[in-house]
$ cat coords_39.cif   # mmCIF, C-alpha atoms and all ligand atoms
data_data
#
loop_
_atom_site.label_atom_id
_atom_site.label_comp_id
_atom_site.auth_asym_id
_atom_site.auth_seq_id
_atom_site.Cartn_x
_atom_site.Cartn_y
_atom_site.Cartn_z
CA MET A 1 -7.39 31.83 5.14
CA SER A 2 -5.70 33.80 7.95
CA ALA A 3 -2.31 35.32 7.36
CA ASN A 4 -0.70 33.51 10.28
CA VAL A 5 2.17 32.44 8.04
CA ASN A 6 4.85 30.62 10.01
CA LEU A 7 6.95 28.41 7.79
CA ASP A 8 8.20 28.13 4.24
CA PHE A 9 8.96 24.90 2.43
CA ASP A 10 9.85 23.81 -1.06
CA ALA A 11 7.33 20.99 -0.73
CA VAL A 12 4.63 20.03 1.75
CA VAL A 13 3.41 16.44 1.62
CA VAL A 14 -0.13 16.00 2.92
CA GLY A 15 -0.58 12.45 4.23
CA GLY A 16 2.14 10.39 5.86
CA GLY A 17 1.45 6.88 4.62
CA ILE A 18 4.01 4.91 2.66
CA SER A 19 3.28 6.95 -0.50
CA GLY A 20 3.74 10.35 1.13
CA CYS A 21 6.66 9.37 3.35
CA THR A 22 8.64 7.92 0.46
CA THR A 23 8.01 10.95 -1.73
CA ALA A 24 9.02 13.29 1.11
CA LEU A 25 12.21 11.35 1.81
CA HIS A 26 13.42 11.52 -1.78
CA LEU A 27 12.48 15.17 -2.18
CA ALA A 28 14.54 15.97 0.90
CA ARG A 29 17.44 13.92 -0.44
CA GLY A 30 17.10 15.87 -3.68
CA GLY A 31 17.83 19.06 -1.76
CA MET A 32 14.33 20.39 -1.00
CA ARG A 33 13.06 21.72 2.32
CA VAL A 34 10.17 19.39 3.02
CA ALA A 35 7.37 19.00 5.56
CA VAL A 36 5.00 16.07 6.05
CA LEU A 37 1.60 16.94 7.49
CA GLU A 38 -0.18 13.86 8.80
CA ALA A 39 -3.63 13.81 10.38
CA GLY A 40 -2.72 10.95 12.73
CA SER A 41 0.64 9.15 13.00
CA LEU A 42 2.99 8.19 10.18
CA CYS A 43 2.03 4.96 8.42
CA ARG A 44 -0.91 4.19 10.70
CA ALA A 45 -3.75 4.07 8.14
CA ALA A 46 -3.67 1.63 5.20
CA SER A 47 0.12 1.49 5.42
CA ASN A 48 -0.22 -0.14 8.83
CA ALA A 49 -3.53 -2.03 8.56
CA ASN A 50 -2.44 -3.99 5.51
CA SER A 51 -1.14 -7.53 5.68
CA GLY A 52 2.37 -6.76 4.45
CA THR A 53 2.39 -9.12 1.47
CA LEU A 54 4.94 -8.21 -1.21
CA SER A 55 3.69 -10.48 -3.96
CA MET A 56 4.36 -10.30 -7.69
CA GLN A 57 1.46 -12.69 -8.31
CA ILE A 58 -1.31 -10.44 -7.05
CA LYS A 59 -0.35 -7.35 -9.03
CA ARG A 60 -2.05 -6.26 -12.22
CA ALA A 61 0.20 -6.94 -15.21
CA ALA A 62 0.71 -3.22 -15.94
CA LEU A 63 2.07 -2.77 -12.41
CA VAL A 64 4.38 -5.80 -12.40
CA PRO A 65 7.46 -3.84 -13.64
CA TYR A 66 6.88 -1.30 -10.85
CA SER A 67 6.44 -4.11 -8.29
CA MET A 68 9.68 -5.75 -9.37
CA ARG A 69 11.61 -2.50 -8.93
CA SER A 70 9.93 -1.88 -5.59
CA TRP A 71 10.81 -5.40 -4.43
CA GLU A 72 14.47 -4.44 -4.86
CA LEU A 73 13.85 -1.40 -2.68
CA TRP A 74 12.26 -3.54 0.04
CA LYS A 75 15.25 -5.86 -0.15
CA THR A 76 17.69 -2.98 0.25
CA ALA A 77 15.68 -1.09 2.89
CA PRO A 78 18.51 -1.14 5.45
CA GLN A 79 20.63 0.88 2.98
CA TRP A 80 18.11 3.55 1.91
CA LEU A 81 15.62 3.50 4.80
CA GLY A 82 18.13 2.87 7.52
CA ARG A 83 16.81 -0.31 9.11
CA ASP A 84 15.65 -3.84 8.58
CA VAL A 85 11.88 -3.86 8.11
CA GLY A 86 11.39 -7.62 8.36
CA PHE A 87 11.73 -8.23 4.62
CA THR A 88 11.32 -12.00 4.26
CA VAL A 89 11.38 -13.86 0.95
CA GLN A 90 9.60 -17.20 1.17
CA GLY A 91 8.28 -17.65 -2.35
CA GLY A 92 4.56 -17.71 -2.98
CA LEU A 93 1.89 -20.11 -4.19
CA THR A 94 -1.41 -19.04 -5.75
CA LEU A 95 -4.09 -21.70 -5.76
CA ALA A 96 -7.09 -22.34 -7.99
CA TYR A 97 -9.74 -24.58 -6.45
CA ASP A 98 -12.13 -25.13 -9.38
CA ASP A 99 -12.14 -24.98 -13.17
CA GLU A 100 -13.30 -21.38 -13.33
CA GLU A 101 -10.53 -20.26 -10.97
CA ALA A 102 -7.99 -22.36 -12.88
CA GLU A 103 -8.91 -20.65 -16.14
CA MET A 104 -8.64 -17.24 -14.49
CA LEU A 105 -5.30 -18.13 -12.87
CA GLU A 106 -3.86 -19.33 -16.15
CA ILE A 107 -4.78 -16.09 -17.94
CA ARG A 108 -3.74 -13.70 -15.17
CA MET A 109 -0.46 -15.39 -14.31
CA GLY A 110 0.36 -15.63 -18.01
CA GLU A 111 -0.09 -11.86 -18.33
CA ARG A 112 2.01 -11.19 -15.23
CA ARG A 113 4.75 -13.54 -16.43
CA ASP A 114 4.77 -11.75 -19.79
CA ALA A 115 5.16 -8.50 -17.84
CA GLY A 116 8.33 -9.85 -16.20
CA ALA A 117 7.30 -11.67 -13.01
CA PRO A 118 9.09 -15.04 -12.65
CA ILE A 119 5.89 -17.09 -12.29
CA GLU A 120 5.57 -20.76 -13.24
CA PHE A 121 2.84 -23.36 -12.92
CA ILE A 122 3.76 -26.36 -10.80
CA GLY A 123 2.14 -29.66 -9.88
CA LEU A 124 0.75 -30.52 -6.44
CA GLU A 125 3.71 -32.75 -5.57
CA ARG A 126 6.25 -29.99 -6.17
CA ALA A 127 3.99 -27.49 -4.40
CA GLN A 128 3.89 -29.71 -1.34
CA GLU A 129 7.69 -30.00 -1.39
CA ILE A 130 7.86 -26.21 -1.38
CA GLU A 131 5.02 -25.92 1.15
CA PRO A 132 4.61 -29.12 3.20
CA GLY A 133 1.67 -27.55 5.04
CA LEU A 134 -0.44 -27.35 1.88
CA SER A 135 -3.67 -29.34 1.50
CA GLY A 136 -4.24 -31.43 -1.61
CA HIS A 137 -7.29 -29.56 -2.91
CA ALA A 138 -5.81 -27.22 -5.52
CA ARG A 139 -6.52 -27.84 -9.24
CA LEU A 140 -3.87 -25.45 -10.52
CA ILE A 141 -0.94 -23.85 -8.68
CA ALA A 142 1.24 -20.91 -9.65
CA TYR A 143 4.60 -20.32 -7.97
CA CYS A 144 6.77 -17.22 -7.76
CA PRO A 145 10.07 -17.45 -5.86
CA MET A 146 10.17 -13.66 -5.29
CA ASP A 147 7.01 -13.43 -3.19
CA ALA A 148 7.77 -11.95 0.18
CA PHE A 149 6.43 -9.90 3.07
CA SER A 150 7.63 -7.25 5.47
CA ASP A 151 6.66 -6.10 8.93
CA THR A 152 3.97 -3.41 8.81
CA LEU A 153 4.45 -2.73 12.52
CA VAL A 154 7.90 -1.21 12.08
CA ILE A 155 7.45 0.75 8.89
CA GLY A 156 6.20 3.95 10.53
CA HIS A 157 9.14 4.00 12.94
CA ALA A 158 11.55 3.41 10.08
CA TYR A 159 10.18 6.30 8.00
CA ARG A 160 10.00 8.64 10.99
CA ALA A 161 13.68 8.08 11.74
CA ALA A 162 14.73 8.37 8.09
CA LEU A 163 12.70 11.54 7.47
CA ALA A 164 14.03 13.17 10.62
CA ALA A 165 17.60 12.25 9.70
CA ASP A 166 17.14 13.94 6.32
CA GLY A 167 15.76 17.09 7.89
CA VAL A 168 12.09 16.67 6.98
CA ALA A 169 9.73 18.55 9.30
CA ILE A 170 7.26 15.95 10.57
CA HIS A 171 3.91 17.22 11.85
CA GLU A 172 1.76 14.40 13.18
CA ALA A 173 -1.75 14.95 14.56
CA SER A 174 -1.92 17.78 12.00
CA PRO A 175 -4.92 17.34 9.72
CA VAL A 176 -4.91 19.71 6.77
CA ALA A 177 -8.21 21.53 6.41
CA GLY A 178 -7.62 23.02 2.98
CA ILE A 179 -5.12 24.32 0.45
CA GLU A 180 -5.36 27.57 -1.48
CA ARG A 181 -3.26 29.14 -4.19
CA ASP A 182 -0.98 31.78 -2.66
CA GLY A 183 1.12 33.68 -5.19
CA ASP A 184 3.21 31.17 -7.07
CA GLY A 185 2.87 28.67 -4.22
CA PHE A 186 0.23 27.40 -1.84
CA ALA A 187 -1.13 28.19 1.60
CA VAL A 188 -1.79 24.98 3.52
CA ALA A 189 -4.16 25.35 6.47
CA THR A 190 -3.61 23.09 9.48
CA GLY A 191 -5.58 23.84 12.63
CA GLU A 192 -4.74 27.38 13.57
CA SER A 193 -1.69 27.86 11.37
CA VAL A 194 -1.03 28.27 7.69
CA ILE A 195 2.10 26.94 6.03
CA ARG A 196 3.43 28.43 2.81
CA THR A 197 5.03 26.15 0.31
CA ARG A 198 6.13 26.21 -3.30
CA ARG A 199 4.73 22.75 -4.00
CA VAL A 200 2.22 20.36 -2.45
CA VAL A 201 1.98 16.59 -2.73
CA LEU A 202 -1.42 15.07 -1.96
CA ALA A 203 -0.88 11.59 -0.50
CA GLY A 204 -4.11 11.07 1.43
CA GLY A 205 -5.00 7.44 0.69
CA VAL A 206 -8.79 7.01 0.73
CA TRP A 207 -9.13 10.72 1.54
CA LEU A 208 -7.56 11.73 -1.79
CA GLY A 209 -10.93 12.53 -3.35
CA ARG A 210 -11.51 15.18 -0.69
CA MET A 211 -8.03 16.60 -1.14
CA LEU A 212 -8.45 16.84 -4.90
CA ALA A 213 -11.73 18.71 -4.31
CA TRP A 214 -9.59 21.53 -2.81
CA PHE A 215 -8.36 21.97 -6.38
CA GLY A 216 -11.83 21.81 -7.89
CA HIS A 217 -11.52 18.23 -9.10
CA ASP A 218 -14.27 15.67 -8.63
CA VAL A 219 -12.34 12.41 -8.85
CA PRO A 220 -14.08 9.09 -8.02
CA VAL A 221 -11.68 7.69 -5.40
CA GLU A 222 -13.27 4.51 -4.05
CA CYS A 223 -12.82 3.20 -0.52
CA GLY A 224 -12.69 -0.54 0.19
CA VAL A 225 -12.98 -1.63 3.82
CA ASP A 226 -10.88 -4.79 4.05
CA MET A 227 -10.26 -7.26 6.87
CA VAL A 228 -7.09 -8.92 8.17
CA SER A 229 -6.81 -11.33 11.12
CA VAL A 230 -3.95 -12.84 13.08
CA THR A 231 -3.58 -16.04 15.09
CA GLU A 232 -1.72 -16.57 18.32
CA ASN A 233 1.92 -17.63 17.95
CA MET A 234 2.14 -21.21 16.68
CA PRO A 235 4.89 -23.70 15.92
CA PRO A 236 5.93 -23.57 12.26
CA ILE A 237 2.97 -24.73 10.14
CA MET A 238 3.84 -23.12 6.80
CA ARG A 239 6.78 -21.47 5.05
CA THR A 240 5.46 -19.68 1.95
CA VAL A 241 3.24 -16.73 1.10
CA ILE A 242 -0.05 -18.18 -0.08
CA GLY A 243 -2.78 -16.59 -2.16
CA ALA A 244 -5.88 -17.74 -4.00
CA ALA A 245 -6.88 -17.23 -7.64
CA SER A 246 -10.17 -15.85 -6.37
CA GLY A 247 -8.18 -13.08 -4.66
CA LEU A 248 -9.91 -13.96 -1.39
CA LEU A 249 -6.92 -15.28 0.53
CA THR A 250 -3.44 -14.35 1.66
CA ILE A 251 -1.68 -16.34 4.40
CA LYS A 252 1.80 -16.15 5.80
CA GLN A 253 3.47 -17.14 9.06
CA LYS A 254 5.70 -14.56 10.66
CA ALA A 255 8.95 -15.26 12.49
CA ASN A 256 7.16 -15.04 15.87
CA GLY A 257 4.84 -17.88 14.80
CA SER A 258 1.68 -15.82 14.30
CA VAL A 259 -0.21 -16.41 11.05
CA LEU A 260 -1.61 -13.39 9.20
CA ILE A 261 -4.77 -14.08 7.21
CA GLY A 262 -6.16 -11.63 4.67
CA GLY A 263 -7.66 -11.55 1.21
CA GLY A 264 -9.79 -8.43 1.00
CA TRP A 265 -12.92 -9.76 2.76
CA LYS A 266 -15.09 -6.74 3.46
CA GLY A 267 -16.03 -5.08 6.73
CA ILE A 268 -18.27 -2.18 7.64
CA GLY A 269 -17.01 1.39 7.56
CA ASN A 270 -16.37 4.45 5.46
CA ILE A 271 -13.95 7.37 5.22
CA ASP A 272 -15.78 9.34 7.92
CA MET A 273 -16.00 6.55 10.51
CA GLY A 274 -13.04 4.40 9.53
CA GLY A 275 -13.36 0.62 9.57
CA VAL A 276 -15.80 0.05 12.42
CA GLU A 277 -17.17 -3.49 12.33
CA VAL A 278 -15.94 -6.90 11.27
CA ILE A 279 -18.69 -8.92 9.56
CA PRO A 280 -18.69 -12.30 11.37
CA GLY A 281 -19.75 -14.27 8.29
CA ASN A 282 -16.86 -12.78 6.32
CA LEU A 283 -14.37 -13.60 9.06
CA ILE A 284 -15.63 -17.18 9.13
CA GLY A 285 -15.47 -17.41 5.33
CA ASN A 286 -11.90 -16.11 5.28
CA LEU A 287 -10.80 -18.52 8.02
CA ARG A 288 -12.52 -21.49 6.35
CA LEU A 289 -10.69 -20.83 3.11
CA ALA A 290 -7.41 -20.48 5.04
CA HIS A 291 -8.04 -23.78 6.85
CA TYR A 292 -9.00 -25.53 3.58
CA THR A 293 -5.60 -24.43 2.28
CA ILE A 294 -3.41 -25.05 5.36
CA PRO A 295 -5.14 -27.79 7.41
CA ARG A 296 -2.99 -27.22 10.52
CA LEU A 297 -4.74 -23.89 10.96
CA ALA A 298 -7.39 -26.03 12.69
CA GLU A 299 -5.09 -25.78 15.73
CA ALA A 300 -4.94 -21.98 15.57
CA ARG A 301 -6.78 -19.45 17.69
CA VAL A 302 -7.46 -16.09 16.07
CA ILE A 303 -6.61 -13.37 18.56
CA ARG A 304 -7.54 -10.28 16.57
CA ALA A 305 -9.23 -9.15 13.37
CA TRP A 306 -9.10 -5.57 12.11
CA LEU A 307 -10.19 -3.43 9.19
CA GLY A 308 -8.27 -1.06 6.95
CA MET A 309 -9.36 1.24 4.16
CA ASP A 310 -7.86 0.86 0.71
CA ALA A 311 -8.19 3.49 -2.05
CA ASN A 312 -8.91 2.49 -5.62
CA MET A 313 -9.82 4.19 -8.86
CA PRO A 314 -12.54 2.63 -11.04
CA ASP A 315 -9.85 1.50 -13.54
CA PHE A 316 -7.73 0.06 -10.66
CA MET A 317 -4.76 2.10 -11.82
CA PRO A 318 -2.85 4.61 -9.66
CA LEU A 319 -2.93 8.39 -9.58
CA VAL A 320 0.71 9.50 -9.61
CA GLY A 321 1.76 12.81 -11.15
CA PRO A 322 0.80 16.48 -11.47
CA VAL A 323 -2.65 17.73 -10.48
CA PRO A 324 -4.15 19.18 -13.68
CA GLY A 325 -4.62 22.94 -13.67
CA ALA A 326 -2.57 23.45 -10.50
CA GLU A 327 1.10 24.09 -11.28
CA GLY A 328 3.19 22.83 -8.36
CA ALA A 329 0.57 20.38 -7.01
CA PHE A 330 1.05 16.63 -7.28
CA VAL A 331 -0.89 13.52 -6.30
CA ILE A 332 0.13 9.99 -5.32
CA GLY A 333 -2.18 7.17 -4.32
CA CYS A 334 -4.81 4.60 -5.31
CA ILE A 335 -1.97 2.18 -6.04
CA ARG A 336 -3.44 -1.32 -5.99
CA GLY A 337 -0.91 -3.22 -3.89
CA GLY A 338 0.38 0.14 -2.71
CA TYR A 339 2.32 -1.27 0.21
CA THR A 340 4.44 -3.32 -2.20
CA ILE A 341 4.75 -0.61 -4.84
CA GLY A 342 4.66 2.55 -2.69
CA PRO A 343 8.42 2.84 -2.18
CA TYR A 344 9.08 2.84 -5.91
CA MET A 345 6.15 5.09 -6.86
CA GLY A 346 7.19 7.62 -4.24
CA TRP A 347 10.69 7.69 -5.67
CA LEU A 348 9.37 8.07 -9.24
CA LEU A 349 7.14 10.99 -8.26
CA ALA A 350 9.99 12.65 -6.37
CA GLU A 351 12.15 12.35 -9.48
CA ARG A 352 9.45 14.12 -11.50
CA ILE A 353 9.07 16.89 -8.90
CA LEU A 354 12.84 17.35 -8.77
CA GLY A 355 12.77 17.98 -12.51
CA ARG A 356 14.28 14.65 -13.56
CA GLU A 357 12.82 12.16 -16.02
CA PRO A 358 11.27 9.24 -14.06
CA GLU A 359 12.60 5.91 -15.32
CA MET A 360 9.04 4.56 -15.75
CA PRO A 361 5.84 6.40 -16.72
CA LEU A 362 3.70 8.01 -14.03
CA PHE A 363 -0.09 7.61 -13.90
CA ASP A 364 -1.70 10.79 -15.20
CA MET A 365 -4.84 11.76 -13.30
CA SER A 366 -6.08 13.85 -16.22
CA ARG A 367 -7.82 10.67 -17.42
CA TYR A 368 -10.41 11.51 -14.75
CA VAL A 369 -10.55 15.25 -15.31
CA SER A 370 -12.44 17.14 -17.99
CA ASP A 371 -11.38 20.77 -18.23
C1 LIG B 401 -6.64 -4.38 4.90
C2 LIG B 401 -5.67 -4.04 3.81
C3 LIG B 401 -4.77 -5.00 3.38
C4 LIG B 401 -3.84 -4.69 2.39
N1 LIG B 401 -2.89 -5.61 2.08
C5 LIG B 401 -1.89 -5.27 1.23
C6 LIG B 401 -0.80 -6.14 1.02
O1 LIG B 401 -0.73 -7.20 1.64
N2 LIG B 401 0.16 -5.78 0.14
C7 LIG B 401 0.13 -4.58 -0.53
O2 LIG B 401 1.02 -4.31 -1.32
N3 LIG B 401 -0.87 -3.69 -0.31
C8 LIG B 401 -1.87 -3.99 0.57
N4 LIG B 401 -2.86 -3.11 0.82
C9 LIG B 401 -2.84 -1.80 0.14
C10 LIG B 401 -1.85 -0.84 0.82
O3 LIG B 401 -1.92 -0.96 2.22
C11 LIG B 401 -2.14 0.59 0.41
O4 LIG B 401 -2.20 0.67 -1.01
C12 LIG B 401 -1.06 1.56 0.87
O5 LIG B 401 -0.72 1.37 2.22
C13 LIG B 401 -1.56 2.98 0.65
O6 LIG B 401 -0.59 3.88 1.16
P1 LIG B 401 -0.86 5.44 1.08
O7 LIG B 401 0.31 6.10 1.68
O8 LIG B 401 -1.24 5.82 -0.30
O9 LIG B 401 -2.18 5.65 1.99
P2 LIG B 401 -2.32 5.59 3.59
O10 LIG B 401 -1.37 4.65 4.20
O11 LIG B 401 -3.78 5.39 3.85
O12 LIG B 401 -1.89 7.03 4.02
C14 LIG B 401 -2.70 8.17 3.80
C15 LIG B 401 -2.45 9.10 4.98
O13 LIG B 401 -3.09 10.36 4.72
C16 LIG B 401 -3.48 10.88 5.98
N5 LIG B 401 -4.48 11.93 5.78
C17 LIG B 401 -5.71 11.81 5.28
N6 LIG B 401 -6.33 13.00 5.25
C18 LIG B 401 -5.43 13.92 5.73
C19 LIG B 401 -5.48 15.32 5.96
N7 LIG B 401 -6.58 16.05 5.66
N8 LIG B 401 -4.39 15.92 6.47
C20 LIG B 401 -3.26 15.22 6.76
N9 LIG B 401 -3.18 13.87 6.59
C21 LIG B 401 -4.26 13.23 6.08
C22 LIG B 401 -4.05 9.65 6.70
O14 LIG B 401 -4.10 9.83 8.09
C23 LIG B 401 -3.06 8.57 6.28
O15 LIG B 401 -2.03 8.36 7.22
C24 LIG B 401 -3.84 -3.40 1.78
C25 LIG B 401 -4.76 -2.44 2.19
C26 LIG B 401 -5.66 -2.75 3.20
C27 LIG B 401 -6.62 -1.68 3.67
#
$ encode --input "coords_39.cif" --output "structure tokens"
Amino acid sequence: MSANVNLDFDAVVVGGGISGCTTALHLARGGMRVAVLEAGSLCRAASNANSGTLSMQIKRAALVPYSMRSWELWKTAPQWLGRDVGFTVQGGLTLAYDDEEAEMLEIRMGERRDAGAPIEFIGLERAQEIEPGLSGHARLIAYCPMDAFSDTLVIGHAYRAALAADGVAIHEASPVAGIERDGDGFAVATGESVIRTRRVVLAGGVWLGRMLAWFGHDVPVECGVDMVSVTENMPPIMRTVIGAASGLLTIKQKANGSVLIGGGWKGIGNIDMGGVEVIPGNLIGNLRLAHYTIPRLAEARVIRAWLGMDANMPDFMPLVGPVPGAEGAFVIGCIRGGYTIGPYMGWLLAERILGREPEMPLFDMSRYVSD
């Protein structure tokens, strides 16, 4: 690397999605000089493409306690993030449509309830009182009054303002090409410059595998290319956050009347190209399931469908903590439901980096590293 050294930081965060931005914010508030280096714009990758659901029902049981704490952070965003981010609690229903799904729903929701989520099973009549727009097809219905959503369109603006107010140096359109050990810190190469820092935080979403390779680690970060679509603005047709036991559906109606439809239906793409092509049959399948659930969606016109890339580990558990064998390097990502949980995970990791004991365990990546 060239010796064009121009800046010194206590911590450089590589990747400005919700994971990296939250970590950076809390490091700065803990007294560190911090920079965020983002290849594109803040919160424009998965942290923008996602459908904004903040659901306790669609989190793995082990992550429910983290989700519950993060929910509180979403609720109090105006205090710690500085603005309202469209946090809306409507309660959520998860629907099983056949016996197999009902069995799965019973087991999974039982585990999540045991982990602390206030989930109950309710009959169709009660479900239709809560959600008058609901069809009568469901065999089993789970309800959680905490389920919510927030506005993914404003989150990047909110973090940019908060980071700037706390003195974080924000470098957008600054892809990092590599990181090397430099004395007791690191040299971070971006374009033509090199930034020196005591610590680095890798927060690269689906690109985390490549970032960890800079440290000699071959970690199997998987990339899912998932679809979301949105209808034109409609009169009120529903008032809850709806999901399916199959995991193939999320629906919610925003304050402007548009209905967001997701559920992890796949599109075509990869980490080099991005999400490039919606698969028509998958879009139709997603919309059919949505319409089967909320019949008034028959009146809706879909105005846009898009793809986002979601990072996962094979065990579906996050990577949050130190990078093995690289004192001063940390990783955060692969958090299933990372939009919901990102604010809390970022705070936990910042606590660890600041030398404090995080109030809940981190997710050690050494389970994927043999050294
Ligand atoms: C379609 C879709 C729907 C989803 N729906 C939900 C949902 O409803 N609820 C929920 O809780 N979760 C949802 N998720 C998951 C959630 O969006 C993600 O877990 C979360 O946003 C990940 O945040 P992140 O900061 O780790 O990654 P990202 O937001 O992807 O941020 C990583 C950043 O790293 C940057 N980067 C990469 N390489 C470099 C480099 N070399 N140099 C500098 N910067 C770099 C990227 O540009 C990017 O901005 C969904 C995901 C998708 C894709």
$ atom_distance --input "coords_39.cif" --atom1 "CA of Gly16 in chain A" --atom2 "CA of Ser47 in chain A"
9.1 Å
$ atom_distance --input "coords_39.cif" --atom1 "CA of Thr240 in chain A" --atom2 "CA of Asp147 in chain A"
8.2 Å
$ residues_near_ligand --input "coords_39.cif" --ligand "ligand LIG 401 (chain B)" --cutoff "7 Å" --atoms "only C-alpha atoms and all ligand atoms" --output "ChimeraX atom specification"
/A:14-20,37-54,174-177,203-207,211,225-228,262,264,307-311,332-342
$ residues_around --input "coords_39.cif" --residues "Val201 in chain A" --least-positions-apart "3" --cutoff "9 Å" --atoms "all atoms listed in the file" --output "tab-separated table (two decimals) with C-alpha atoms, in the coordinates of the input"
chain	number	residue	atom	x	y	z
A	11	ALA	CA	7.33	20.99	-0.73
A	12	VAL	CA	4.63	20.03	1.75
A	13	VAL	CA	3.41	16.44	1.62
A	14	VAL	CA	-0.13	16.00	2.92
A	15	GLY	CA	-0.58	12.45	4.23
A	20	GLY	CA	3.74	10.35	1.13
A	23	THR	CA	8.01	10.95	-1.73
A	24	ALA	CA	9.02	13.29	1.11
A	322	PRO	CA	0.80	16.48	-11.47
A	328	GLY	CA	3.19	22.83	-8.36
A	329	ALA	CA	0.57	20.38	-7.01
A	330	PHE	CA	1.05	16.63	-7.28
A	331	VAL	CA	-0.89	13.52	-6.30
A	332	ILE	CA	0.13	9.99	-5.32
$ residues_around --input "coords_39.cif" --residues "Arg196 in chain A" --least-positions-apart "6" --cutoff "6 Å" --atoms "all atoms listed in the file" --output "list in words"
Asp8, Phe186 and Ala187 of chain A
$ atom_distance --input "coords_39.cif" --atom1 "CA of Ala35 in chain A" --atom2 "CA of Ile170 in chain A"
5.9 Å
$ residues_around --input "coords_39.cif" --residues "His26 in chain A" --least-positions-apart "6" --cutoff "8 Å" --atoms "only C-alpha atoms" --output "ChimeraX atom specification"
/A:346-347,350-351
$ write_last_selection --input "coords_39.cif" --atoms "C-alpha atoms" --output "PDB file, in the coordinates of the input"
ATOM      1  CA  GLY A 346       7.190   7.620  -4.240  1.00  0.00           C
ATOM      2  CA  TRP A 347      10.690   7.690  -5.670  1.00  0.00           C
ATOM      3  CA  ALA A 350       9.990  12.650  -6.370  1.00  0.00           C
ATOM      4  CA  GLU A 351      12.150  12.350  -9.480  1.00  0.00           C
TER       5      GLU A 351
END
$ closest_residue --input "coords_39.cif" --among "A:Met104, A:Val36, A:Ile155, A:Ala138" --to "Arg83 in chain A" --atoms "all atoms listed in the file"
A:Ile155
$ closest_residue --input "coords_39.cif" --among "A:Met234, A:Ala189, A:Met32, A:Met273" --to "Ala298 in chain A" --atoms "all atoms listed in the file"
A:Met234
$ build_atoms --input "coords_39.cif" --residues "range 291-304 of chain A" --atoms "N, CA and C atoms" --output "PDB file, in the frame of the given file"
ATOM      1  N   HIS A 291      -8.145 -22.426   6.287  1.00  0.00           N
ATOM      2  CA  HIS A 291      -8.040 -23.780   6.850  1.00  0.00           C
ATOM      3  C   HIS A 291      -8.090 -24.841   5.752  1.00  0.00           C
ATOM      4  N   TYR A 292      -8.905 -24.616   4.734  1.00  0.00           N
ATOM      5  CA  TYR A 292      -9.000 -25.530   3.580  1.00  0.00           C
ATOM      6  C   TYR A 292      -7.644 -25.618   2.877  1.00  0.00           C
ATOM      7  N   THR A 293      -6.893 -24.530   2.972  1.00  0.00           N
ATOM      8  CA  THR A 293      -5.600 -24.430   2.280  1.00  0.00           C
ATOM      9  C   THR A 293      -4.461 -24.976   3.141  1.00  0.00           C
ATOM     10  N   ILE A 294      -4.443 -24.599   4.406  1.00  0.00           N
ATOM     11  CA  ILE A 294      -3.410 -25.050   5.360  1.00  0.00           C
ATOM     12  C   ILE A 294      -4.140 -25.765   6.510  1.00  0.00           C
ATOM     13  N   PRO A 295      -4.305 -27.088   6.435  1.00  0.00           N
ATOM     14  CA  PRO A 295      -5.140 -27.790   7.410  1.00  0.00           C
ATOM     15  C   PRO A 295      -4.720 -27.583   8.865  1.00  0.00           C
ATOM     16  N   ARG A 296      -3.417 -27.370   9.107  1.00  0.00           N
ATOM     17  CA  ARG A 296      -2.990 -27.220  10.520  1.00  0.00           C
ATOM     18  C   ARG A 296      -3.498 -25.929  11.153  1.00  0.00           C
ATOM     19  N   LEU A 297      -4.109 -25.077  10.355  1.00  0.00           N
ATOM     20  CA  LEU A 297      -4.740 -23.890  10.960  1.00  0.00           C
ATOM     21  C   LEU A 297      -5.915 -24.280  11.850  1.00  0.00           C
ATOM     22  N   ALA A 298      -6.348 -25.558  11.770  1.00  0.00           N
ATOM     23  CA  ALA A 298      -7.390 -26.030  12.690  1.00  0.00           C
ATOM     24  C   ALA A 298      -6.948 -25.859  14.138  1.00  0.00           C
ATOM     25  N   GLU A 299      -5.614 -25.896  14.349  1.00  0.00           N
ATOM     26  CA  GLU A 299      -5.090 -25.780  15.730  1.00  0.00           C
ATOM     27  C   GLU A 299      -4.972 -24.330  16.177  1.00  0.00           C
ATOM     28  N   ALA A 300      -5.236 -23.391  15.270  1.00  0.00           N
ATOM     29  CA  ALA A 300      -4.940 -21.980  15.570  1.00  0.00           C
ATOM     30  C   ALA A 300      -6.093 -21.300  16.289  1.00  0.00           C
ATOM     31  N   ARG A 301      -5.745 -20.333  17.134  1.00  0.00           N
ATOM     32  CA  ARG A 301      -6.780 -19.450  17.690  1.00  0.00           C
ATOM     33  C   ARG A 301      -6.536 -18.049  17.153  1.00  0.00           C
ATOM     34  N   VAL A 302      -7.572 -17.469  16.576  1.00  0.00           N
ATOM     35  CA  VAL A 302      -7.460 -16.090  16.070  1.00  0.00           C
ATOM     36  C   VAL A 302      -7.560 -15.156  17.259  1.00  0.00           C
ATOM     37  N   ILE A 303      -6.575 -14.274  17.390  1.00  0.00           N
ATOM     38  CA  ILE A 303      -6.610 -13.370  18.560  1.00  0.00           C
ATOM     39  C   ILE A 303      -7.115 -11.984  18.200  1.00  0.00           C
ATOM     40  N   ARG A 304      -7.097 -11.630  16.908  1.00  0.00           N
ATOM     41  CA  ARG A 304      -7.540 -10.280  16.570  1.00  0.00           C
ATOM     42  C   ARG A 304      -7.893 -10.217  15.077  1.00  0.00           C
TER      43      ARG A 304
END
